[in-house]
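Note: the block below is my_file29.txt and it holds compact mmCIF, C-alpha atoms.
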# COMPACT_ATOMS: atom_id res chain seq x y z
CA ALA A 1 -109.73 118.95 -30.47
CA GLN A 2 -113.43 118.84 -31.15
CA LYS A 3 -115.69 116.70 -29.05
CA VAL A 4 -119.35 116.23 -28.18
CA THR A 5 -120.39 114.69 -24.88
CA GLN A 6 -123.83 113.33 -24.13
CA ALA A 7 -123.53 112.16 -20.55
CA GLN A 8 -126.97 110.56 -20.38
CA THR A 9 -126.84 107.12 -21.92
CA GLU A 10 -130.48 106.22 -21.36
CA ILE A 11 -133.52 108.08 -20.06
CA SER A 12 -136.87 106.51 -19.26
CA VAL A 13 -139.99 108.63 -18.72
CA VAL A 14 -143.72 108.21 -18.64
CA GLU A 15 -145.85 109.85 -21.30
CA LYS A 16 -146.59 113.55 -20.77
CA GLU A 17 -143.47 114.09 -18.70
CA ASP A 18 -141.00 116.76 -19.82
CA VAL A 19 -137.48 115.54 -20.54
CA THR A 20 -134.19 117.35 -21.21
CA LEU A 21 -131.31 115.80 -23.13
CA ASP A 22 -127.92 117.29 -22.33
CA CYS A 23 -125.14 118.08 -24.79
CA VAL A 24 -121.76 119.61 -24.04
CA TYR A 25 -119.29 120.37 -26.80
CA GLU A 26 -115.65 121.36 -27.20
CA THR A 27 -114.20 123.30 -30.10
CA ARG A 28 -111.52 125.91 -30.72
CA ASP A 29 -113.35 127.34 -33.70
CA THR A 30 -115.06 130.70 -33.28
CA THR A 31 -117.60 129.85 -35.96
CA TYR A 32 -119.26 126.49 -35.69
CA TYR A 33 -122.59 124.72 -36.11
CA LEU A 34 -124.43 122.45 -33.73
CA PHE A 35 -127.09 119.91 -34.62
CA TRP A 36 -129.57 117.51 -33.11
CA TYR A 37 -130.62 114.36 -34.94
CA LYS A 38 -133.20 111.73 -34.02
CA GLN A 39 -132.66 108.05 -34.82
CA PRO A 40 -135.87 106.04 -34.42
CA PRO A 41 -135.83 102.23 -34.38
CA SER A 42 -135.99 102.23 -38.18
CA GLY A 43 -132.41 103.51 -38.15
CA GLU A 44 -132.55 106.61 -40.31
CA LEU A 45 -131.05 109.78 -38.86
CA VAL A 46 -133.64 112.55 -38.93
CA PHE A 47 -132.46 116.16 -38.80
CA LEU A 48 -134.12 118.21 -36.05
CA ILE A 49 -132.25 121.51 -35.74
CA ARG A 50 -129.11 123.43 -36.67
CA ARG A 51 -127.69 126.39 -34.74
CA ASN A 52 -124.70 128.54 -35.59
CA SER A 53 -122.34 129.88 -32.96
CA PHE A 54 -123.50 133.45 -33.38
CA ASP A 55 -127.13 132.78 -32.62
CA GLU A 56 -127.77 132.04 -28.96
CA GLN A 57 -131.49 132.57 -29.14
CA ASN A 58 -133.43 129.68 -27.78
CA GLU A 59 -135.70 128.00 -30.28
CA ILE A 60 -139.06 126.33 -29.91
CA SER A 61 -140.74 124.09 -32.43
CA GLY A 62 -143.96 122.58 -31.19
CA ARG A 63 -143.11 120.36 -28.22
CA TYR A 64 -139.37 120.68 -28.90
CA SER A 65 -137.13 123.44 -27.58
CA TRP A 66 -133.40 124.02 -27.60
CA ASN A 67 -131.23 125.97 -25.15
CA PHE A 68 -127.86 127.07 -26.55
CA GLN A 69 -125.41 128.58 -24.05
CA LYS A 70 -121.92 129.43 -25.27
CA SER A 71 -120.77 130.30 -21.75
CA THR A 72 -121.17 126.68 -20.70
CA SER A 73 -120.63 125.12 -24.17
CA SER A 74 -123.99 123.43 -23.95
CA PHE A 75 -126.79 122.82 -26.41
CA ASN A 76 -129.59 121.09 -24.53
CA PHE A 77 -132.79 119.71 -26.00
CA THR A 78 -136.13 119.59 -24.17
CA ILE A 79 -139.22 117.65 -25.15
CA THR A 80 -142.36 118.90 -23.47
CA ALA A 81 -145.23 116.51 -22.77
CA SER A 82 -143.37 113.54 -24.19
CA GLN A 83 -145.16 110.94 -26.31
CA VAL A 84 -144.42 107.30 -27.08
CA VAL A 85 -143.47 108.33 -30.65
CA ASP A 86 -140.59 110.34 -29.19
CA SER A 87 -138.85 107.09 -28.23
CA ALA A 88 -135.58 107.05 -30.15
CA VAL A 89 -131.86 107.67 -29.84
CA TYR A 90 -131.01 111.36 -30.00
CA PHE A 91 -127.63 112.58 -31.18
CA CYS A 92 -126.02 115.95 -30.69
CA ALA A 93 -123.35 116.84 -33.26
CA LEU A 94 -120.81 119.53 -34.11
CA ILE A 95 -119.47 120.48 -37.52
CA GLY A 96 -115.74 119.93 -37.71
CA GLY A 97 -113.15 120.36 -40.42
CA TYR A 98 -114.33 119.85 -44.02
CA ASN A 99 -117.86 119.95 -42.70
CA LYS A 100 -117.76 116.46 -41.21
CA LEU A 101 -120.13 115.91 -38.32
CA ILE A 102 -118.72 114.92 -34.97
CA PHE A 103 -121.38 113.07 -33.03
CA GLY A 104 -121.89 112.40 -29.37
CA ALA A 105 -122.54 108.86 -28.22
CA GLY A 106 -126.28 109.45 -28.19
CA THR A 107 -129.01 109.34 -25.56
CA ARG A 108 -131.61 106.60 -25.78
CA LEU A 109 -135.02 107.95 -24.75
CA ALA A 110 -137.79 105.52 -23.84
CA VAL A 111 -141.25 106.99 -23.34
CA HIS A 112 -143.69 104.60 -21.70
CA PRO A 113 -147.49 104.84 -21.88
CA GLY B 1 -138.75 115.26 -53.21
CA ALA B 2 -136.64 112.13 -53.02
CA GLY B 3 -134.26 111.81 -50.12
CA VAL B 4 -130.92 110.06 -49.92
CA SER B 5 -131.18 106.40 -50.88
CA GLN B 6 -128.78 103.58 -50.13
CA SER B 7 -128.54 100.03 -51.37
CA PRO B 8 -128.53 97.34 -50.33
CA ARG B 9 -130.26 97.95 -47.02
CA TYR B 10 -128.77 94.77 -45.59
CA LYS B 11 -125.67 92.87 -46.60
CA VAL B 12 -124.27 89.68 -45.17
CA ALA B 13 -120.74 88.82 -46.23
CA LYS B 14 -118.37 86.03 -45.38
CA ARG B 15 -115.04 87.12 -43.96
CA GLY B 16 -112.67 87.88 -46.79
CA GLN B 17 -115.35 88.85 -49.33
CA ASP B 18 -115.42 92.22 -51.05
CA VAL B 19 -118.56 94.36 -50.74
CA ALA B 20 -119.82 97.49 -52.49
CA LEU B 21 -122.33 99.86 -50.93
CA ARG B 22 -124.16 102.42 -53.02
CA CYS B 23 -125.42 105.89 -52.16
CA ASP B 24 -127.72 108.08 -54.27
CA PRO B 25 -127.65 111.61 -52.84
CA ILE B 26 -130.35 114.23 -53.09
CA SER B 27 -130.28 115.66 -56.60
CA GLY B 28 -128.10 118.74 -56.84
CA HIS B 29 -126.31 118.23 -53.54
CA VAL B 30 -122.64 119.03 -53.96
CA SER B 31 -121.35 117.40 -50.78
CA LEU B 32 -121.51 113.71 -49.94
CA PHE B 33 -120.36 112.03 -46.74
CA TRP B 34 -119.93 108.46 -45.54
CA TYR B 35 -120.17 107.52 -41.87
CA GLN B 36 -119.79 104.24 -40.00
CA GLN B 37 -122.02 103.50 -37.02
CA ALA B 38 -121.11 100.62 -34.76
CA LEU B 39 -123.81 99.12 -32.57
CA GLY B 40 -124.70 101.43 -29.70
CA GLN B 41 -122.38 104.19 -30.89
CA GLY B 42 -122.69 107.51 -32.65
CA PRO B 43 -121.82 107.69 -36.35
CA GLU B 44 -118.16 108.25 -37.15
CA PHE B 45 -116.89 110.08 -40.21
CA LEU B 46 -115.25 108.07 -42.96
CA THR B 47 -114.87 110.29 -46.02
CA TYR B 48 -116.16 113.43 -47.79
CA PHE B 49 -116.66 114.36 -51.44
CA GLN B 50 -117.30 117.72 -52.98
CA ASN B 51 -118.66 116.88 -56.40
CA GLU B 52 -116.29 114.19 -57.70
CA ALA B 53 -113.32 115.27 -55.59
CA GLN B 54 -112.57 113.31 -52.44
CA LEU B 55 -111.43 116.09 -50.12
CA ASP B 56 -111.11 114.18 -46.88
CA LYS B 57 -110.59 110.46 -46.36
CA SER B 58 -109.04 110.71 -42.93
CA GLY B 59 -111.70 108.53 -41.33
CA LEU B 60 -111.24 105.45 -43.51
CA PRO B 61 -110.01 102.81 -41.06
CA SER B 62 -107.66 100.97 -43.40
CA ASP B 63 -106.58 100.69 -47.00
CA ARG B 64 -109.24 98.00 -47.45
CA PHE B 65 -111.78 100.83 -47.55
CA PHE B 66 -112.18 102.79 -50.77
CA ALA B 67 -114.80 105.30 -51.87
CA GLU B 68 -115.51 106.95 -55.18
CA ARG B 69 -117.93 109.39 -56.75
CA PRO B 70 -116.78 109.51 -60.38
CA GLU B 71 -119.49 111.76 -61.84
CA GLY B 72 -120.22 113.84 -58.78
CA SER B 73 -123.50 112.14 -58.04
CA VAL B 74 -123.77 108.47 -57.01
CA SER B 75 -121.09 107.23 -54.65
CA THR B 76 -119.84 103.75 -53.87
CA LEU B 77 -118.06 102.63 -50.72
CA LYS B 78 -116.06 99.47 -51.29
CA ILE B 79 -114.62 97.29 -48.58
CA GLN B 80 -112.12 94.65 -49.64
CA ARG B 81 -111.39 91.45 -47.75
CA THR B 82 -114.05 92.17 -45.13
CA GLN B 83 -113.30 91.46 -41.48
CA GLN B 84 -115.69 90.92 -38.59
CA GLU B 85 -114.83 94.33 -37.17
CA ASP B 86 -116.25 95.89 -40.34
CA SER B 87 -119.75 94.89 -39.21
CA ALA B 88 -121.67 98.14 -38.75
CA VAL B 89 -124.26 100.39 -40.32
CA TYR B 90 -122.82 102.53 -43.10
CA LEU B 91 -124.60 105.83 -43.47
CA CYS B 92 -124.46 108.19 -46.40
CA ALA B 93 -125.39 111.87 -46.15
CA SER B 94 -125.62 114.67 -48.67
CA SER B 95 -125.65 118.43 -48.30
CA PRO B 96 -126.10 121.38 -50.67
CA SER B 97 -122.94 123.09 -49.34
CA ILE B 98 -121.81 124.09 -45.86
CA ASP B 99 -125.15 123.15 -44.46
CA THR B 100 -127.32 120.53 -42.93
CA GLN B 101 -126.52 116.95 -43.86
CA TYR B 102 -129.43 114.71 -44.80
CA PHE B 103 -128.97 111.03 -44.16
CA GLY B 104 -130.02 107.92 -46.00
CA PRO B 105 -131.45 104.83 -44.27
CA GLY B 106 -128.06 103.15 -44.09
CA THR B 107 -126.71 99.76 -45.09
CA ARG B 108 -126.35 97.25 -42.30
CA LEU B 109 -123.29 95.11 -43.01
CA THR B 110 -122.80 91.85 -41.15
CA VAL B 111 -119.54 89.99 -41.67
CA LEU B 112 -119.63 86.34 -40.61

Same coordinates, now as structure tokens:
Amino acid sequence: AQKVTQAQTEISVVEKEDVTLDCVYETRDTTYYLFWYKQPPSGELVFLIRRNSFDEQNEISGRYSWNFQKSTSSFNFTITASQVVDSAVYFCALIGGYNKLIFGAGTRLAVHP
Amino acid sequence: GAGVSQSPRYKVAKRGQDVALRCDPISGHVSLFWYQQALGQGPEFLTYFQNEAQLDKSGLPSDRFFAERPEGSVSTLKIQRTQQEDSAVYLCASSPSIDTQYFGPGTRLTVL
């Protein structure tokens, strides 16, 4: 079975704090893709990053960084120096059969001034 | 370029009414997906098209749900005899192939 678990339901931080969102996945596939999406209050899902199972290099994009570890089946997302505009629900997802996305339950991040 | 568009953005239906939700994918995208997102939950897969062929409809919750994409572009998700449990946001996504899915703004359906 394929499954994505985001154990943190809600996180609240003060601006400029660093915050890490956890994602643990389960799959029997040897080739798979992992994603992070952001859903701001407007509701649209915004693509942030895609990783394939063969590329364990960590990635940094501005204040965002991702740590992919196959040994622990984790794909964690860190926001450095958080800002109020980062407030949103963040979803981790896994590609399953026929390319359908299997989403975690999401982590709601609130960044306060 | 234009992203995925969906209409209407909001729909209120009385229980028992039929509704039709439209999705315009990104031009040239072969794959089209529908997801249902209940309040406070992650999106859940409903159905998948590759061009006009519906390759996976395993997520459709009942036979009241029907989706089509007759010309391999615009898609319509139809829900017959709506029930209160159908209230959710319906998200459409398109993708060029086995790749990143780009989502539309969703249609929020409220069944009274």

Considering only C-alpha atoms, return as a list in words whatever protein or nucleic-acid residues lie within 6 Å of range 41-53 of chain A, sequence-local ones (same chain, fewer than 3 positions apart) excluded. Thr31, Tyr32, Tyr33, Leu34, Phe35, Trp36, Tyr37 and Lys38 of chain A; Phe103 and Pro105 of chain B

Cut-off 8 Å: closest chain B/chain A atom pairs per residue, using all atoms listed in the file, as a tab-separated table:
residue	atom	partner	partner_atom	distance
B:Phe33	CA	A:Lys100	CA	7.5
B:Gly40	CA	A:Ala105	CA	7.9
B:Gln41	CA	A:Ala105	CA	5.4
B:Gly42	CA	A:Ala105	CA	4.6
B:Pro43	CA	A:Phe103	CA	6.3
B:Glu44	CA	A:Ile102	CA	7.0
B:Phe45	CA	A:Lys100	CA	6.5
B:Tyr48	CA	A:Lys100	CA	7.4
B:Leu55	CA	A:Tyr98	CA	7.7
B:Asp56	CA	A:Tyr98	CA	7.1
B:Ile98	CA	A:Asn99	CA	6.5
B:Thr100	CA	A:Arg50	CA	7.1
B:Gln101	CA	A:Phe47	CA	7.8
B:Tyr102	CA	A:Phe47	CA	6.9
B:Phe103	CA	A:Leu45	CA	5.8
B:Gly104	CA	A:Glu44	CA	6.4
B:Pro105	CA	A:Glu44	CA	4.5
B:Gly106	CA	A:Glu44	CA	6.8

Can you tell me which residues surround Phe49 in chain B at a distance of at most 10 Å, considering only C-alpha atoms, apart from same-chain residues fewer than 6 positions away, and format the answer as a list in words? Tyr98 of chain A; Val30, Ser31, Leu32, Phe33, Trp34, Leu55, Asp56, Lys57, Ala67, Glu68, Arg69, Gly72, Ser73, Ser75 and Ser94 of chain B

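Counting all atoms listed in the file and comparing B:Asp63, B:Asp18, B:Asp24, B:Glu52, the residue that lies closest to Ile79 in chain B is B:Asp18.
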
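Distances here use only C-alpha atoms; by that measure, the residue among B:Leu112, B:Thr76, B:Pro96, B:Val89 closest to Tyr10 in chain B is B:Val89.
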
Hey, what's within 12 Å of Ile79 in chain A if we count all atoms listed in the file and toss same-chain stuff fewer than 6 positions away? As a PyMOL selection string, please? chain A and resi 13+15-22+60-67+85-87+90+109+111

If you count all atoms listed in the file, which residues fall within 9 Å of Ser73 in chain A, apart from same-chain ones fewer than 5 positions away, as a PDB file with C-alpha atoms, keeping the file's coordinate frame?
ATOM      1  CA  CYS A  23    -125.140 118.080 -24.790  1.00  0.00           C
ATOM      2  CA  VAL A  24    -121.760 119.610 -24.040  1.00  0.00           C
ATOM      3  CA  TYR A  25    -119.290 120.370 -26.800  1.00  0.00           C
ATOM      4  CA  GLU A  26    -115.650 121.360 -27.200  1.00  0.00           C
ATOM      5  CA  THR A  27    -114.200 123.300 -30.100  1.00  0.00           C
ATOM      6  CA  PHE A  68    -127.860 127.070 -26.550  1.00  0.00           C
TER       7      PHE A  68
END

With all atoms listed in the file as the counted atoms, please give the residues lying no more than 8 Å from Arg15 in chain B, apart from itself and same-chain residues fewer than 4 positions off, as a compact mmCIF listing (two decimals) with C-alpha atoms, in the frame of the given file.
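Output file around.txt is given in full below:
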# COMPACT_ATOMS: atom_id res chain seq x y z
CA ARG B 81 -111.39 91.45 -47.75
CA THR B 82 -114.05 92.17 -45.13
CA GLN B 83 -113.30 91.46 -41.48
CA GLN B 84 -115.69 90.92 -38.59
CA VAL B 111 -119.54 89.99 -41.67
CA LEU B 112 -119.63 86.34 -40.61

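The gap separating CA of Phe75 in chain A from CA of His112 in chain A is 25.3 Å, in Å to one decimal.
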
Reconstruct N, CA and C atoms of range 22-41 of chain A from the incomplete input and present them as a CSV table (one decimal), keeping the file's coordinate frame.
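In the end it all went to rebuild-v3.csv:
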chain,number,residue,atom,x,y,z
A,22,ASP,N,-129.1,116.4,-22.5
A,22,ASP,CA,-127.9,117.3,-22.3
A,22,ASP,C,-126.9,117.1,-23.4
A,23,CYS,N,-126.2,118.1,-23.8
A,23,CYS,CA,-125.1,118.1,-24.8
A,23,CYS,C,-124.1,119.1,-24.4
A,24,VAL,N,-122.9,118.7,-24.3
A,24,VAL,CA,-121.8,119.6,-24.0
A,24,VAL,C,-120.7,119.4,-25.2
A,25,TYR,N,-120.2,120.5,-25.7
A,25,TYR,CA,-119.3,120.4,-26.8
A,25,TYR,C,-118.0,121.1,-26.5
A,26,GLU,N,-117.0,120.7,-27.3
A,26,GLU,CA,-115.6,121.4,-27.2
A,26,GLU,C,-115.2,121.7,-28.6
A,27,THR,N,-114.8,122.9,-28.8
A,27,THR,CA,-114.2,123.3,-30.1
A,27,THR,C,-113.4,124.5,-29.9
A,28,ARG,N,-112.3,124.7,-30.8
A,28,ARG,CA,-111.5,125.9,-30.7
A,28,ARG,C,-112.0,126.9,-31.8
A,29,ASP,N,-112.9,126.5,-32.7
A,29,ASP,CA,-113.4,127.3,-33.7
A,29,ASP,C,-114.2,128.4,-33.1
A,30,THR,N,-114.2,129.6,-33.7
A,30,THR,CA,-115.1,130.7,-33.3
A,30,THR,C,-116.4,130.6,-34.0
A,31,THR,N,-116.4,130.1,-35.2
A,31,THR,CA,-117.6,129.8,-36.0
A,31,THR,C,-117.8,128.4,-36.1
A,32,TYR,N,-119.0,127.9,-35.6
A,32,TYR,CA,-119.3,126.5,-35.7
A,32,TYR,C,-120.8,126.3,-35.7
A,33,TYR,N,-121.2,125.1,-36.0
A,33,TYR,CA,-122.6,124.7,-36.1
A,33,TYR,C,-122.9,123.5,-35.2
A,34,LEU,N,-124.0,123.5,-34.6
A,34,LEU,CA,-124.4,122.4,-33.7
A,34,LEU,C,-125.7,121.9,-34.3
A,35,PHE,N,-125.9,120.6,-34.1
A,35,PHE,CA,-127.1,119.9,-34.6
A,35,PHE,C,-127.7,118.9,-33.6
A,36,TRP,N,-128.9,118.7,-33.8
A,36,TRP,CA,-129.6,117.5,-33.1
A,36,TRP,C,-130.2,116.7,-34.2
A,37,TYR,N,-130.0,115.3,-34.1
A,37,TYR,CA,-130.6,114.4,-34.9
A,37,TYR,C,-131.4,113.3,-34.1
A,38,LYS,N,-132.4,112.8,-34.7
A,38,LYS,CA,-133.2,111.7,-34.0
A,38,LYS,C,-133.0,110.4,-34.8
A,39,GLN,N,-132.8,109.3,-34.1
A,39,GLN,CA,-132.7,108.0,-34.8
A,39,GLN,C,-133.7,107.1,-34.2
A,40,PRO,N,-134.8,107.0,-34.9
A,40,PRO,CA,-135.9,106.0,-34.4
A,40,PRO,C,-135.4,104.6,-34.7
A,41,PRO,N,-136.2,103.6,-34.2
A,41,PRO,CA,-135.8,102.2,-34.4
A,41,PRO,C,-135.6,101.8,-35.8
